[in-house]
Every structure is written in C-alpha cells, then in structure tokens.
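See below for model-v6.pdb, which holds PDB, C-alpha atoms, pLDDT in the B column.
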ATOM      1  CA  MET A 171       0.000   0.000   0.000  1.00 95.00           C
ATOM      2  CA  LYS A 172       1.215   3.518  -0.749  1.00 97.00           C
ATOM      3  CA  HIS A 173      -0.506   6.791   0.185  1.00 98.00           C
ATOM      4  CA  VAL A 174       1.145  10.066  -0.774  1.00 98.00           C
ATOM      5  CA  ASP A 175       0.506  13.670  -1.733  1.00 98.00           C
ATOM      6  CA  TYR A 176       1.946  14.026  -5.243  1.00 98.00           C
ATOM      7  CA  LYS A 177       3.884  17.191  -4.294  1.00 98.00           C
ATOM      8  CA  SER A 178       5.940  15.212  -1.779  1.00 98.00           C
ATOM      9  CA  VAL A 179       7.288  12.891  -4.493  1.00 98.00           C
ATOM     10  CA  LYS A 180      10.688  13.792  -5.955  1.00 98.00           C
ATOM     11  CA  PHE A 181      10.565  15.884  -9.145  1.00 98.00           C
ATOM     12  CA  GLU A 182      13.000  14.708 -11.820  1.00 98.00           C
ATOM     13  CA  PRO A 183      13.595  17.070 -14.768  1.00 97.00           C
ATOM     14  CA  PHE A 184      13.684  15.536 -18.252  1.00 96.00           C
ATOM     15  CA  GLU A 185      17.191  15.741 -19.619  1.00 93.00           C
ATOM     16  CA  GLY A 186      18.203  16.407 -23.208  1.00 88.00           C
ATOM     17  CA  ALA A 187      17.541  19.126 -25.757  1.00 88.00           C
ATOM     18  CA  ASP A 188      14.304  17.543 -27.001  1.00 94.00           C
ATOM     19  CA  ALA A 189      12.419  18.652 -23.859  1.00 97.00           C
ATOM     20  CA  ARG A 190      12.164  22.073 -22.243  1.00 97.00           C
ATOM     21  CA  GLY A 191      11.001  22.992 -18.729  1.00 98.00           C
ATOM     22  CA  ALA A 192       9.491  19.533 -18.207  1.00 98.00           C
ATOM     23  CA  GLY A 193       9.859  16.702 -15.726  1.00 98.00           C
ATOM     24  CA  ILE A 194       8.213  13.865 -13.894  1.00 98.00           C
ATOM     25  CA  ARG A 195       7.215  12.530 -10.470  1.00 98.00           C
ATOM     26  CA  TRP A 196       6.867   8.732 -10.217  1.00 98.00           C
ATOM     27  CA  LEU A 197       3.810   8.485  -7.944  1.00 98.00           C
ATOM     28  CA  ILE A 198       3.292   4.698  -8.119  1.00 98.00           C
ATOM     29  CA  GLY A 199       5.653   2.196  -9.751  1.00 97.00           C
ATOM     30  CA  ASP A 200       7.295  -1.190  -9.427  1.00 96.00           C
ATOM     31  CA  LYS A 201       9.139  -0.144  -6.259  1.00 96.00           C
ATOM     32  CA  ASP A 202       5.725   0.239  -4.592  1.00 97.00           C
ATOM     33  CA  GLY A 203       4.614  -3.248  -5.580  1.00 95.00           C
ATOM     34  CA  ALA A 204       2.817  -2.269  -8.788  1.00 96.00           C
ATOM     35  CA  GLU A 205       3.292  -5.061 -11.319  1.00 94.00           C
ATOM     36  CA  ASN A 206       1.241  -3.991 -14.308  1.00 96.00           C
ATOM     37  CA  PHE A 207       1.259  -0.204 -14.742  1.00 97.00           C
ATOM     38  CA  ALA A 208       2.809   2.936 -13.260  1.00 98.00           C
ATOM     39  CA  MET A 209       1.244   6.313 -12.408  1.00 98.00           C
ATOM     40  CA  ARG A 210       3.343   9.447 -12.954  1.00 98.00           C
ATOM     41  CA  MET A 211       2.693  13.207 -12.773  1.00 98.00           C
ATOM     42  CA  ILE A 212       4.213  15.106 -15.702  1.00 98.00           C
ATOM     43  CA  GLU A 213       4.815  18.834 -15.112  1.00 98.00           C
ATOM     44  CA  ILE A 214       5.654  21.351 -17.846  1.00 98.00           C
ATOM     45  CA  ASP A 215       6.497  25.033 -17.311  1.00 98.00           C
ATOM     46  CA  PRO A 216       4.886  27.824 -19.385  1.00 98.00           C
ATOM     47  CA  GLY A 217       6.481  27.691 -22.857  1.00 95.00           C
ATOM     48  CA  GLY A 218       7.845  24.217 -22.203  1.00 98.00           C
ATOM     49  CA  TYR A 219       7.276  20.871 -23.873  1.00 98.00           C
ATOM     50  CA  SER A 220       7.925  17.151 -23.552  1.00 97.00           C
ATOM     51  CA  PRO A 221       9.985  15.287 -26.184  1.00 96.00           C
ATOM     52  CA  CYS A 222       8.282  14.724 -29.550  1.00 95.00           C
ATOM     53  CA  HIS A 223       8.645  10.976 -29.818  1.00 95.00           C
ATOM     54  CA  SER A 224       6.943   7.617 -30.226  1.00 95.00           C
ATOM     55  CA  HIS A 225       7.377   4.335 -28.378  1.00 94.00           C
ATOM     56  CA  LYS A 226       5.722   0.971 -28.023  1.00 95.00           C
ATOM     57  CA  SER A 227       3.883   1.821 -24.773  1.00 94.00           C
ATOM     58  CA  GLU A 228       0.515   3.510 -24.698  1.00 96.00           C
ATOM     59  CA  HIS A 229      -0.288   6.476 -22.407  1.00 97.00           C
ATOM     60  CA  GLU A 230      -3.458   7.102 -20.419  1.00 98.00           C
ATOM     61  CA  VAL A 231      -3.556  10.754 -19.437  1.00 98.00           C
ATOM     62  CA  PHE A 232      -5.726  12.881 -17.120  1.00 98.00           C
ATOM     63  CA  VAL A 233      -5.102  16.618 -16.938  1.00 98.00           C
ATOM     64  CA  TRP A 234      -4.851  17.978 -13.400  1.00 98.00           C
ATOM     65  CA  ARG A 235      -3.922  21.643 -13.913  1.00 98.00           C
ATOM     66  CA  GLY A 236      -3.070  24.155 -16.615  1.00 98.00           C
ATOM     67  CA  LYS A 237      -3.638  24.596 -20.324  1.00 98.00           C
ATOM     68  CA  GLY A 238      -1.828  22.658 -22.990  1.00 98.00           C
ATOM     69  CA  GLU A 239      -1.895  20.949 -26.329  1.00 98.00           C
ATOM     70  CA  LEU A 240      -1.268  17.393 -27.358  1.00 98.00           C
ATOM     71  CA  ARG A 241       0.414  17.360 -30.761  1.00 97.00           C
ATOM     72  CA  LEU A 242      -0.246  13.984 -32.265  1.00 95.00           C
ATOM     73  CA  GLU A 243       0.921  13.123 -35.761  1.00 92.00           C
ATOM     74  CA  GLY A 244       0.108  16.566 -37.161  1.00 86.00           C
ATOM     75  CA  SER A 245      -3.139  17.282 -35.303  1.00 95.00           C
ATOM     76  CA  ASN A 246      -3.534  19.357 -32.117  1.00 97.00           C
ATOM     77  CA  HIS A 247      -5.822  18.441 -29.222  1.00 98.00           C
ATOM     78  CA  PRO A 248      -6.537  20.843 -26.335  1.00 98.00           C
ATOM     79  CA  LEU A 249      -5.599  19.822 -22.766  1.00 98.00           C
ATOM     80  CA  LEU A 250      -7.597  21.342 -19.912  1.00 98.00           C
ATOM     81  CA  PRO A 251      -8.275  20.176 -16.343  1.00 98.00           C
ATOM     82  CA  GLY A 252     -10.566  17.143 -16.595  1.00 98.00           C
ATOM     83  CA  THR A 253      -9.436  16.088 -20.084  1.00 98.00           C
ATOM     84  CA  ALA A 254      -8.693  12.350 -20.449  1.00 98.00           C
ATOM     85  CA  VAL A 255      -6.610  11.132 -23.395  1.00 98.00           C
ATOM     86  CA  PHE A 256      -5.644   7.709 -24.692  1.00 98.00           C
ATOM     87  CA  VAL A 257      -2.428   7.853 -26.740  1.00 98.00           C
ATOM     88  CA  PRO A 258      -1.859   4.475 -28.438  1.00 97.00           C
ATOM     89  CA  GLY A 259       1.622   3.018 -28.766  1.00 96.00           C
ATOM     90  CA  GLU A 260       3.793   3.813 -31.799  1.00 96.00           C
ATOM     91  CA  VAL A 261       2.127   7.198 -32.401  1.00 96.00           C
ATOM     92  CA  LEU A 262       4.303  10.337 -32.601  1.00 97.00           C
ATOM     93  CA  HIS A 263       3.210  12.690 -29.792  1.00 97.00           C
ATOM     94  CA  GLN A 264       4.284  15.743 -27.799  1.00 98.00           C
ATOM     95  CA  PHE A 265       2.769  17.620 -24.837  1.00 98.00           C
ATOM     96  CA  VAL A 266       3.103  21.421 -24.936  1.00 98.00           C
ATOM     97  CA  ASN A 267       2.218  24.030 -22.291  1.00 98.00           C
ATOM     98  CA  VAL A 268       0.429  26.881 -24.119  1.00 98.00           C
ATOM     99  CA  SER A 269      -0.167  29.042 -21.022  1.00 97.00           C
ATOM    100  CA  GLU A 270       2.013  32.083 -20.388  1.00 95.00           C
ATOM    101  CA  SER A 271       1.788  31.858 -16.609  1.00 97.00           C
ATOM    102  CA  GLU A 272       0.569  28.493 -15.345  1.00 98.00           C
ATOM    103  CA  LYS A 273       2.179  25.068 -15.139  1.00 98.00           C
ATOM    104  CA  LEU A 274       0.668  22.203 -17.112  1.00 98.00           C
ATOM    105  CA  GLU A 275       0.345  19.121 -14.908  1.00 98.00           C
ATOM    106  CA  PHE A 276      -1.140  15.790 -15.917  1.00 98.00           C
ATOM    107  CA  ILE A 277      -1.322  12.201 -14.719  1.00 98.00           C
ATOM    108  CA  CYS A 278       0.229   9.787 -17.211  1.00 98.00           C
ATOM    109  CA  VAL A 279      -0.166   6.024 -16.748  1.00 98.00           C
ATOM    110  CA  VAL A 280       2.084   3.585 -18.638  1.00 98.00           C
ATOM    111  CA  PRO A 281       2.505  -0.192 -18.634  1.00 97.00           C
ATOM    112  CA  ILE A 282       5.368  -1.623 -16.625  1.00 95.00           C
ATOM    113  CA  LYS A 283       7.721  -3.548 -18.850  1.00 79.00           C
ATOM    114  CA  LYS A 284       8.089  -7.091 -17.697  1.00 69.00           C
ATOM    115  CA  PRO A 285      11.379  -8.965 -17.949  1.00 61.00           C
TER
ATOM    116  CA  MET B 278      -6.731   7.732 -29.880  1.00 95.00           C
ATOM    117  CA  LYS B 279      -9.397   9.085 -27.543  1.00 97.00           C
ATOM    118  CA  HIS B 280      -9.741  12.653 -26.248  1.00 98.00           C
ATOM    119  CA  VAL B 281     -12.631  13.516 -23.951  1.00 98.00           C
ATOM    120  CA  ASP B 282     -13.729  15.725 -21.073  1.00 98.00           C
ATOM    121  CA  TYR B 283     -14.574  13.341 -18.241  1.00 98.00           C
ATOM    122  CA  LYS B 284     -17.951  14.998 -17.597  1.00 98.00           C
ATOM    123  CA  SER B 285     -19.117  14.012 -21.090  1.00 98.00           C
ATOM    124  CA  VAL B 286     -18.643  10.301 -20.336  1.00 98.00           C
ATOM    125  CA  LYS B 287     -21.750   8.400 -19.199  1.00 98.00           C
ATOM    126  CA  PHE B 288     -22.155   8.121 -15.424  1.00 98.00           C
ATOM    127  CA  GLU B 289     -23.206   4.656 -14.259  1.00 98.00           C
ATOM    128  CA  PRO B 290     -24.424   4.312 -10.641  1.00 97.00           C
ATOM    129  CA  PHE B 291     -23.151   1.338  -8.639  1.00 96.00           C
ATOM    130  CA  GLU B 292     -25.995  -1.035  -7.978  1.00 93.00           C
ATOM    131  CA  GLY B 293     -26.622  -3.049  -4.823  1.00 88.00           C
ATOM    132  CA  ALA B 294     -26.992  -2.305  -1.134  1.00 88.00           C
ATOM    133  CA  ASP B 295     -23.238  -2.400  -0.457  1.00 94.00           C
ATOM    134  CA  ALA B 296     -22.714   0.992  -2.148  1.00 97.00           C
ATOM    135  CA  ARG B 297     -24.491   4.313  -1.522  1.00 97.00           C
ATOM    136  CA  GLY B 298     -24.521   7.428  -3.760  1.00 98.00           C
ATOM    137  CA  ALA B 299     -21.588   6.156  -5.803  1.00 98.00           C
ATOM    138  CA  GLY B 300     -20.900   5.432  -9.437  1.00 98.00           C
ATOM    139  CA  ILE B 301     -18.390   5.352 -12.248  1.00 98.00           C
ATOM    140  CA  ARG B 302     -17.436   6.827 -15.612  1.00 98.00           C
ATOM    141  CA  TRP B 303     -15.273   4.593 -17.832  1.00 98.00           C
ATOM    142  CA  LEU B 304     -12.914   7.197 -19.344  1.00 98.00           C
ATOM    143  CA  ILE B 305     -10.549   4.832 -21.180  1.00 98.00           C
ATOM    144  CA  GLY B 306     -11.037   1.084 -21.603  1.00 97.00           C
ATOM    145  CA  ASP B 307     -10.770  -1.838 -23.993  1.00 96.00           C
ATOM    146  CA  LYS B 308     -13.391  -0.344 -26.326  1.00 96.00           C
ATOM    147  CA  ASP B 309     -10.959   2.539 -26.927  1.00 97.00           C
ATOM    148  CA  GLY B 310      -8.098   0.215 -27.849  1.00 95.00           C
ATOM    149  CA  ALA B 311      -6.543   0.022 -24.376  1.00 96.00           C
ATOM    150  CA  GLU B 312      -5.135  -3.481 -23.910  1.00 94.00           C
ATOM    151  CA  ASN B 313      -3.427  -3.365 -20.498  1.00 96.00           C
ATOM    152  CA  PHE B 314      -5.266  -1.066 -18.102  1.00 97.00           C
ATOM    153  CA  ALA B 315      -8.409   1.071 -17.855  1.00 98.00           C
ATOM    154  CA  MET B 316      -8.915   4.583 -16.451  1.00 98.00           C
ATOM    155  CA  ARG B 317     -12.164   5.336 -14.622  1.00 98.00           C
ATOM    156  CA  MET B 318     -13.548   8.277 -12.613  1.00 98.00           C
ATOM    157  CA  ILE B 319     -15.322   7.191  -9.417  1.00 98.00           C
ATOM    158  CA  GLU B 320     -17.795   9.702  -7.960  1.00 98.00           C
ATOM    159  CA  ILE B 321     -19.323   9.489  -4.486  1.00 98.00           C
ATOM    160  CA  ASP B 322     -21.969  11.824  -3.046  1.00 98.00           C
ATOM    161  CA  PRO B 323     -21.664  13.370   0.440  1.00 98.00           C
ATOM    162  CA  GLY B 324     -22.365  10.604   2.951  1.00 95.00           C
ATOM    163  CA  GLY B 325     -21.891   7.937   0.297  1.00 98.00           C
ATOM    164  CA  TYR B 326     -19.442   5.050  -0.069  1.00 98.00           C
ATOM    165  CA  SER B 327     -18.191   2.411  -2.468  1.00 97.00           C
ATOM    166  CA  PRO B 328     -18.577  -1.308  -1.651  1.00 96.00           C
ATOM    167  CA  CYS B 329     -16.287  -2.669   1.079  1.00 95.00           C
ATOM    168  CA  HIS B 330     -14.653  -5.517  -0.819  1.00 95.00           C
ATOM    169  CA  SER B 331     -11.469  -7.125  -2.027  1.00 95.00           C
ATOM    170  CA  HIS B 332     -10.489  -8.541  -5.410  1.00 94.00           C
ATOM    171  CA  LYS B 333      -7.468  -9.783  -7.287  1.00 95.00           C
ATOM    172  CA  SER B 334      -6.877  -6.509  -9.180  1.00 94.00           C
ATOM    173  CA  GLU B 335      -4.860  -3.642  -7.761  1.00 96.00           C
ATOM    174  CA  HIS B 336      -6.052   0.006  -7.894  1.00 97.00           C
ATOM    175  CA  GLU B 337      -3.996   3.094  -8.667  1.00 98.00           C
ATOM    176  CA  VAL B 338      -5.927   6.136  -7.451  1.00 98.00           C
ATOM    177  CA  PHE B 339      -5.509   9.902  -7.831  1.00 98.00           C
ATOM    178  CA  VAL B 340      -7.952  12.206  -6.048  1.00 98.00           C
ATOM    179  CA  TRP B 341      -9.424  14.921  -8.264  1.00 98.00           C
ATOM    180  CA  ARG B 342     -11.970  16.630  -5.999  1.00 98.00           C
ATOM    181  CA  GLY B 343     -13.495  16.420  -2.546  1.00 98.00           C
ATOM    182  CA  LYS B 344     -12.641  14.974   0.837  1.00 98.00           C
ATOM    183  CA  GLY B 345     -12.756  11.301   1.662  1.00 98.00           C
ATOM    184  CA  GLU B 346     -11.308   8.367   3.491  1.00 98.00           C
ATOM    185  CA  LEU B 347      -9.892   5.102   2.285  1.00 98.00           C
ATOM    186  CA  ARG B 348     -10.748   2.389   4.809  1.00 98.00           C
ATOM    187  CA  LEU B 349      -8.251  -0.383   4.300  1.00 95.00           C
ATOM    188  CA  GLU B 350      -8.225  -3.454   6.517  1.00 92.00           C
ATOM    189  CA  GLY B 351      -9.014  -1.485   9.685  1.00 86.00           C
ATOM    190  CA  SER B 352      -6.928   1.638   9.067  1.00 95.00           C
ATOM    191  CA  ASN B 353      -8.165   4.965   7.640  1.00 97.00           C
ATOM    192  CA  HIS B 354      -6.238   7.084   5.119  1.00 98.00           C
ATOM    193  CA  PRO B 355      -7.322  10.625   4.199  1.00 98.00           C
ATOM    194  CA  LEU B 356      -8.187  11.402   0.576  1.00 98.00           C
ATOM    195  CA  LEU B 357      -7.714  14.982  -0.628  1.00 98.00           C
ATOM    196  CA  PRO B 358      -7.146  16.499  -4.076  1.00 98.00           C
ATOM    197  CA  GLY B 359      -3.636  15.480  -5.173  1.00 98.00           C
ATOM    198  CA  THR B 360      -3.492  12.299  -3.061  1.00 98.00           C
ATOM    199  CA  ALA B 361      -2.185   9.228  -4.920  1.00 98.00           C
ATOM    200  CA  VAL B 362      -2.860   5.749  -3.518  1.00 98.00           C
ATOM    201  CA  PHE B 363      -1.759   2.259  -4.468  1.00 98.00           C
ATOM    202  CA  VAL B 364      -4.219  -0.379  -3.238  1.00 98.00           C
ATOM    203  CA  PRO B 365      -2.712  -3.854  -3.769  1.00 97.00           C
ATOM    204  CA  GLY B 366      -4.886  -6.767  -4.886  1.00 96.00           C
ATOM    205  CA  GLU B 367      -6.643  -8.977  -2.300  1.00 96.00           C
ATOM    206  CA  VAL B 368      -6.831  -6.181   0.305  1.00 96.00           C
ATOM    207  CA  LEU B 369     -10.213  -5.270   1.830  1.00 97.00           C
ATOM    208  CA  HIS B 370     -10.925  -1.608   0.986  1.00 97.00           C
ATOM    209  CA  GLN B 371     -13.699   0.979   0.862  1.00 98.00           C
ATOM    210  CA  PHE B 372     -13.839   4.609  -0.311  1.00 98.00           C
ATOM    211  CA  VAL B 373     -16.019   6.936   1.805  1.00 98.00           C
ATOM    212  CA  ASN B 374     -17.004  10.573   1.201  1.00 98.00           C
ATOM    213  CA  VAL B 375     -16.626  12.385   4.544  1.00 98.00           C
ATOM    214  CA  SER B 376     -17.698  15.836   3.284  1.00 97.00           C
ATOM    215  CA  GLU B 377     -21.180  17.137   4.074  1.00 95.00           C
ATOM    216  CA  SER B 378     -21.496  19.150   0.868  1.00 97.00           C
ATOM    217  CA  GLU B 379     -18.980  18.186  -1.797  1.00 98.00           C
ATOM    218  CA  LYS B 380     -18.669  15.201  -4.123  1.00 98.00           C
ATOM    219  CA  LEU B 381     -15.618  12.961  -3.808  1.00 98.00           C
ATOM    220  CA  GLU B 382     -14.168  12.261  -7.247  1.00 98.00           C
ATOM    221  CA  PHE B 383     -11.073  10.209  -8.000  1.00 98.00           C
ATOM    222  CA  ILE B 384      -9.303   8.567 -10.912  1.00 98.00           C
ATOM    223  CA  CYS B 385      -9.000   4.801 -10.435  1.00 98.00           C
ATOM    224  CA  VAL B 386      -6.866   2.730 -12.818  1.00 98.00           C
ATOM    225  CA  VAL B 387      -7.244  -1.058 -12.968  1.00 98.00           C
ATOM    226  CA  PRO B 388      -5.695  -3.807 -15.095  1.00 97.00           C
ATOM    227  CA  ILE B 389      -7.744  -5.100 -18.001  1.00 95.00           C
ATOM    228  CA  LYS B 390      -8.414  -8.779 -17.620  1.00 79.00           C
ATOM    229  CA  LYS B 391      -7.122 -10.722 -20.568  1.00 69.00           C
ATOM    230  CA  PRO B 392      -8.923 -13.780 -21.877  1.00 61.00           C
TER
END
Turn the structure described in the file into structure tokens.
Amino acid sequence: MKHVDYKSVKFEPFEGADARGAGIRWLIGDKDGAENFAMRMIEIDPGGYSPCHSHKSEHEVFVWRGKGELRLEGSNHPLLPGTAVFVPGEVLHQFVNVSESEKLEFICVVPIKKP
Amino acid sequence: MKHVDYKSVKFEPFEGADARGAGIRWLIGDKDGAENFAMRMIEIDPGGYSPCHSHKSEHEVFVWRGKGELRLEGSNHPLLPGTAVFVPGEVLHQFVNVSESEKLEFICVVPIKKP
C-alpha cells in the first residue's frame, strides 16, 4: 500500500535538448509493488514541452492543472483540467504548455515492462 | 486515440446495497483500444461510499476533488485532491465521502483482464 501527496514525491527534470522545462514525479511504480502499470505526474512550465517521440507503450492521461496541447501526428488536441486522453503506442506525440503563466500538470499512466 | 472531457462520459451508478450514492465513468477502456489497463472516474456523493470488498486486481488512485477516506483493513487514510494511492490486490478496501457538501471524485486505474 502507498498513500502520498503528489507534491511530496521527488521531481526529476527531463534531460536532453528535445524537452524544455518539463519533468516527472513517479507516484506509483514497481518499487511500490505495482506489477502492471505505473502512475506518474508530468509537469511542464509555461512555454515548455515534452519530447516529440513515439514508443511501443501507450499512455493514459488525465489533466490535473493548466492549459496545454497534445500534438499527435500533425493534429492538435486541447488539454484542460478534466481532459482524459488515450495515446496508443507507436504514435508520434508531444505535450506542450500553451499558457504564459501556469504550469501544465497531468497524470500519465504507462505499462510496466516485464522482464 | 481518444480525447474527452470526463464529464461528457456516461455516469453509471453502482448497484446493490453495499454501495451508496456512488458510481463510475469509464474514461478509457478496452473499447478505446486500451489493452493493459483502464482509467475510470469514481464519484461518491456526500455521505456515500463504495462497496467494502477485495479482489485480485490492484487500484492506482488519484484524487481529483473532494474529501474522503480510504478504509483499508481497519486503518483509515485521508483522501484529498492530489493524493495518490496504491491499493494492492486482495486487500479489503472501501472509499467513503466524509464531506457534508462536496462530491468525492477520483481517478481509479485497474488492469484489463485478458482472456
């Protein structure tokens, strides 16, 4: 069992030039006993973005705070508090904060890779 | 790909005497192409509760709105906006709204059972 306020979980900035002002908190993962999927909070500063990339794993997203855009293979989808998004695997995607003043924060659930 | 405001997803009340003023919206599930896990919003009215039960599947929870308690095998854990909880499988648990005026709403992710 784990019970935590998300703000108390360590924030880890994304490294590399393909992201800007963005990072992650691992709220629930394999270290907590989760075997199938992990829950993270992604946080992006105003003007920032996550890497534009694709991978095998799907994402299930729920927007907590802020105003953003999901750029997904050439189309843009608005992100507002209460928006849920399913991003299938192998689809090119990027999360962008479009606010000038407020952080974009969203829950992002991914499968845990099994050995 | 699915993109939706959670309020636009059909609300389905829990049936049976073991729940009171509680129900669910299936935000992302197998019908949307999700193969590994499903994202739901659980909503509980003031004074209401979910069934007190246990099952094989784990829960990963993130509280969106309201004030509640997770009752888990005899111990109580507060639920406030921003609280993340991992409830392992096979553990007796119940979600209770302890507010007199506000709904308790939380994201609850579960594995999708494979045939």
Q: Any chance you could resolve the PyMOL selection byres ((chain B) within 10 of (chain A)) against this file and give the residues as number ranges by chain?
A: B: 278-285, 304-306, 309-317, 334-341, 347, 349, 354-366, 368, 384, 386-389
Is it possible to get the superposed chain A, fitted on chain B over all Cα pairs by sequence order, as a CSV table (one decimal) with C-alpha atoms, in the frame of the given file?
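Heads up, here's the output in result-v5.csv:
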chain,number,residue,atom,x,y,z
A,171,MET,CA,-6.7,7.8,-29.9
A,172,LYS,CA,-9.4,9.1,-27.5
A,173,HIS,CA,-9.7,12.7,-26.2
A,174,VAL,CA,-12.6,13.5,-23.9
A,175,ASP,CA,-13.7,15.7,-21.1
A,176,TYR,CA,-14.6,13.3,-18.2
A,177,LYS,CA,-17.9,15.0,-17.6
A,178,SER,CA,-19.1,14.0,-21.1
A,179,VAL,CA,-18.6,10.3,-20.3
A,180,LYS,CA,-21.7,8.4,-19.2
A,181,PHE,CA,-22.2,8.1,-15.4
A,182,GLU,CA,-23.2,4.6,-14.3
A,183,PRO,CA,-24.4,4.3,-10.7
A,184,PHE,CA,-23.1,1.3,-8.6
A,185,GLU,CA,-26.0,-1.0,-8.0
A,186,GLY,CA,-26.6,-3.1,-4.8
A,187,ALA,CA,-27.0,-2.3,-1.2
A,188,ASP,CA,-23.2,-2.4,-0.5
A,189,ALA,CA,-22.7,1.0,-2.1
A,190,ARG,CA,-24.5,4.3,-1.5
A,191,GLY,CA,-24.5,7.4,-3.7
A,192,ALA,CA,-21.6,6.1,-5.8
A,193,GLY,CA,-20.9,5.4,-9.5
A,194,ILE,CA,-18.4,5.3,-12.2
A,195,ARG,CA,-17.4,6.8,-15.6
A,196,TRP,CA,-15.3,4.6,-17.8
A,197,LEU,CA,-12.9,7.2,-19.3
A,198,ILE,CA,-10.6,4.8,-21.2
A,199,GLY,CA,-11.0,1.1,-21.6
A,200,ASP,CA,-10.8,-1.9,-24.0
A,201,LYS,CA,-13.4,-0.3,-26.3
A,202,ASP,CA,-11.0,2.5,-26.9
A,203,GLY,CA,-8.1,0.2,-27.8
A,204,ALA,CA,-6.5,0.0,-24.4
A,205,GLU,CA,-5.1,-3.5,-23.9
A,206,ASN,CA,-3.4,-3.4,-20.5
A,207,PHE,CA,-5.3,-1.1,-18.1
A,208,ALA,CA,-8.4,1.1,-17.9
A,209,MET,CA,-8.9,4.6,-16.4
A,210,ARG,CA,-12.2,5.3,-14.6
A,211,MET,CA,-13.5,8.3,-12.6
A,212,ILE,CA,-15.3,7.2,-9.4
A,213,GLU,CA,-17.8,9.7,-8.0
A,214,ILE,CA,-19.3,9.5,-4.5
A,215,ASP,CA,-22.0,11.8,-3.1
A,216,PRO,CA,-21.7,13.4,0.4
A,217,GLY,CA,-22.4,10.6,3.0
A,218,GLY,CA,-21.9,7.9,0.3
A,219,TYR,CA,-19.5,5.1,-0.1
A,220,SER,CA,-18.2,2.4,-2.5
A,221,PRO,CA,-18.6,-1.3,-1.7
A,222,CYS,CA,-16.3,-2.7,1.1
A,223,HIS,CA,-14.7,-5.5,-0.8
A,224,SER,CA,-11.5,-7.1,-2.0
A,225,HIS,CA,-10.5,-8.5,-5.4
A,226,LYS,CA,-7.5,-9.8,-7.3
A,227,SER,CA,-6.9,-6.5,-9.2
A,228,GLU,CA,-4.9,-3.6,-7.8
A,229,HIS,CA,-6.1,0.0,-7.9
A,230,GLU,CA,-4.0,3.1,-8.7
A,231,VAL,CA,-5.9,6.1,-7.5
A,232,PHE,CA,-5.5,9.9,-7.8
A,233,VAL,CA,-7.9,12.2,-6.1
A,234,TRP,CA,-9.4,14.9,-8.3
A,235,ARG,CA,-12.0,16.6,-6.0
A,236,GLY,CA,-13.5,16.4,-2.5
A,237,LYS,CA,-12.6,15.0,0.8
A,238,GLY,CA,-12.8,11.3,1.7
A,239,GLU,CA,-11.3,8.4,3.5
A,240,LEU,CA,-9.9,5.1,2.3
A,241,ARG,CA,-10.7,2.4,4.8
A,242,LEU,CA,-8.2,-0.4,4.3
A,243,GLU,CA,-8.2,-3.4,6.5
A,244,GLY,CA,-9.0,-1.5,9.7
A,245,SER,CA,-6.9,1.6,9.1
A,246,ASN,CA,-8.2,5.0,7.7
A,247,HIS,CA,-6.2,7.1,5.1
A,248,PRO,CA,-7.3,10.6,4.2
A,249,LEU,CA,-8.2,11.4,0.6
A,250,LEU,CA,-7.7,15.0,-0.6
A,251,PRO,CA,-7.1,16.5,-4.1
A,252,GLY,CA,-3.6,15.5,-5.2
A,253,THR,CA,-3.5,12.3,-3.1
A,254,ALA,CA,-2.2,9.2,-4.9
A,255,VAL,CA,-2.9,5.8,-3.5
A,256,PHE,CA,-1.7,2.3,-4.5
A,257,VAL,CA,-4.2,-0.4,-3.2
A,258,PRO,CA,-2.7,-3.8,-3.8
A,259,GLY,CA,-4.9,-6.7,-4.9
A,260,GLU,CA,-6.6,-9.0,-2.3
A,261,VAL,CA,-6.8,-6.2,0.3
A,262,LEU,CA,-10.2,-5.3,1.8
A,263,HIS,CA,-10.9,-1.6,1.0
A,264,GLN,CA,-13.7,1.0,0.8
A,265,PHE,CA,-13.8,4.6,-0.3
A,266,VAL,CA,-16.0,6.9,1.8
A,267,ASN,CA,-17.0,10.6,1.2
A,268,VAL,CA,-16.6,12.4,4.5
A,269,SER,CA,-17.7,15.8,3.3
A,270,GLU,CA,-21.2,17.1,4.1
A,271,SER,CA,-21.5,19.1,0.9
A,272,GLU,CA,-19.0,18.2,-1.8
A,273,LYS,CA,-18.7,15.2,-4.1
A,274,LEU,CA,-15.6,13.0,-3.8
A,275,GLU,CA,-14.2,12.3,-7.2
A,276,PHE,CA,-11.1,10.2,-8.0
A,277,ILE,CA,-9.3,8.6,-10.9
A,278,CYS,CA,-9.0,4.8,-10.4
A,279,VAL,CA,-6.9,2.7,-12.8
A,280,VAL,CA,-7.2,-1.1,-13.0
A,281,PRO,CA,-5.7,-3.8,-15.1
A,282,ILE,CA,-7.7,-5.1,-18.0
A,283,LYS,CA,-8.4,-8.8,-17.6
A,284,LYS,CA,-7.1,-10.7,-20.6
A,285,PRO,CA,-9.0,-13.8,-21.9
Q. On this structure, which residues satisfy the PyMOL selection byres ((chain B and resi 377) around 8), written as a PyMOL selection string?
A. chain B and resi 323-324+375-376+378-379
With 3 Å on each side, where is the centre of the axis-aligned box around all listed atoms of stretch 344-361 of chain B, and how long are its edges in Å to one decimal, as lines of an AutoDock Vina configuration file?
center_x = -7.5
center_y = 6.5
center_z = 2.3
size_x = 16.6
size_y = 26.0
size_z = 20.9
**Q.** Surrounding residues of A:Lys180 excluding itself and chain neighbours under 6 positions, 10 Å, only C-alpha atoms, as a list in words
**A.** Ile194, Arg195, Trp196 and Leu197 of chain A
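Note that atom CA of B:Gly343 and atom CA of B:Pro290 are 18.2 Å apart.
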Q: Could you please determine the separation between atom CA of A:Ser220 and atom CA of B:Phe383 in Å, to one decimal place?
A: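 Distance between the two atoms: 25.5 Å.
Evaluated against this file, the PyMOL selection byres ((chain A and resi 267) around 7) yields Ile214, Asp215, Pro216, Gly217, Gly218, Tyr219, Lys237, Gly238, Glu239, Phe265, Val266, Val268, Ser269 and Leu274 of chain A.
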Q | Nearby residues (only C-alpha atoms) at most 6 Å from B:Glu367, same-chain spacing under 5 positions excluded, as a ChimeraX atom specification | A | /B:331-333
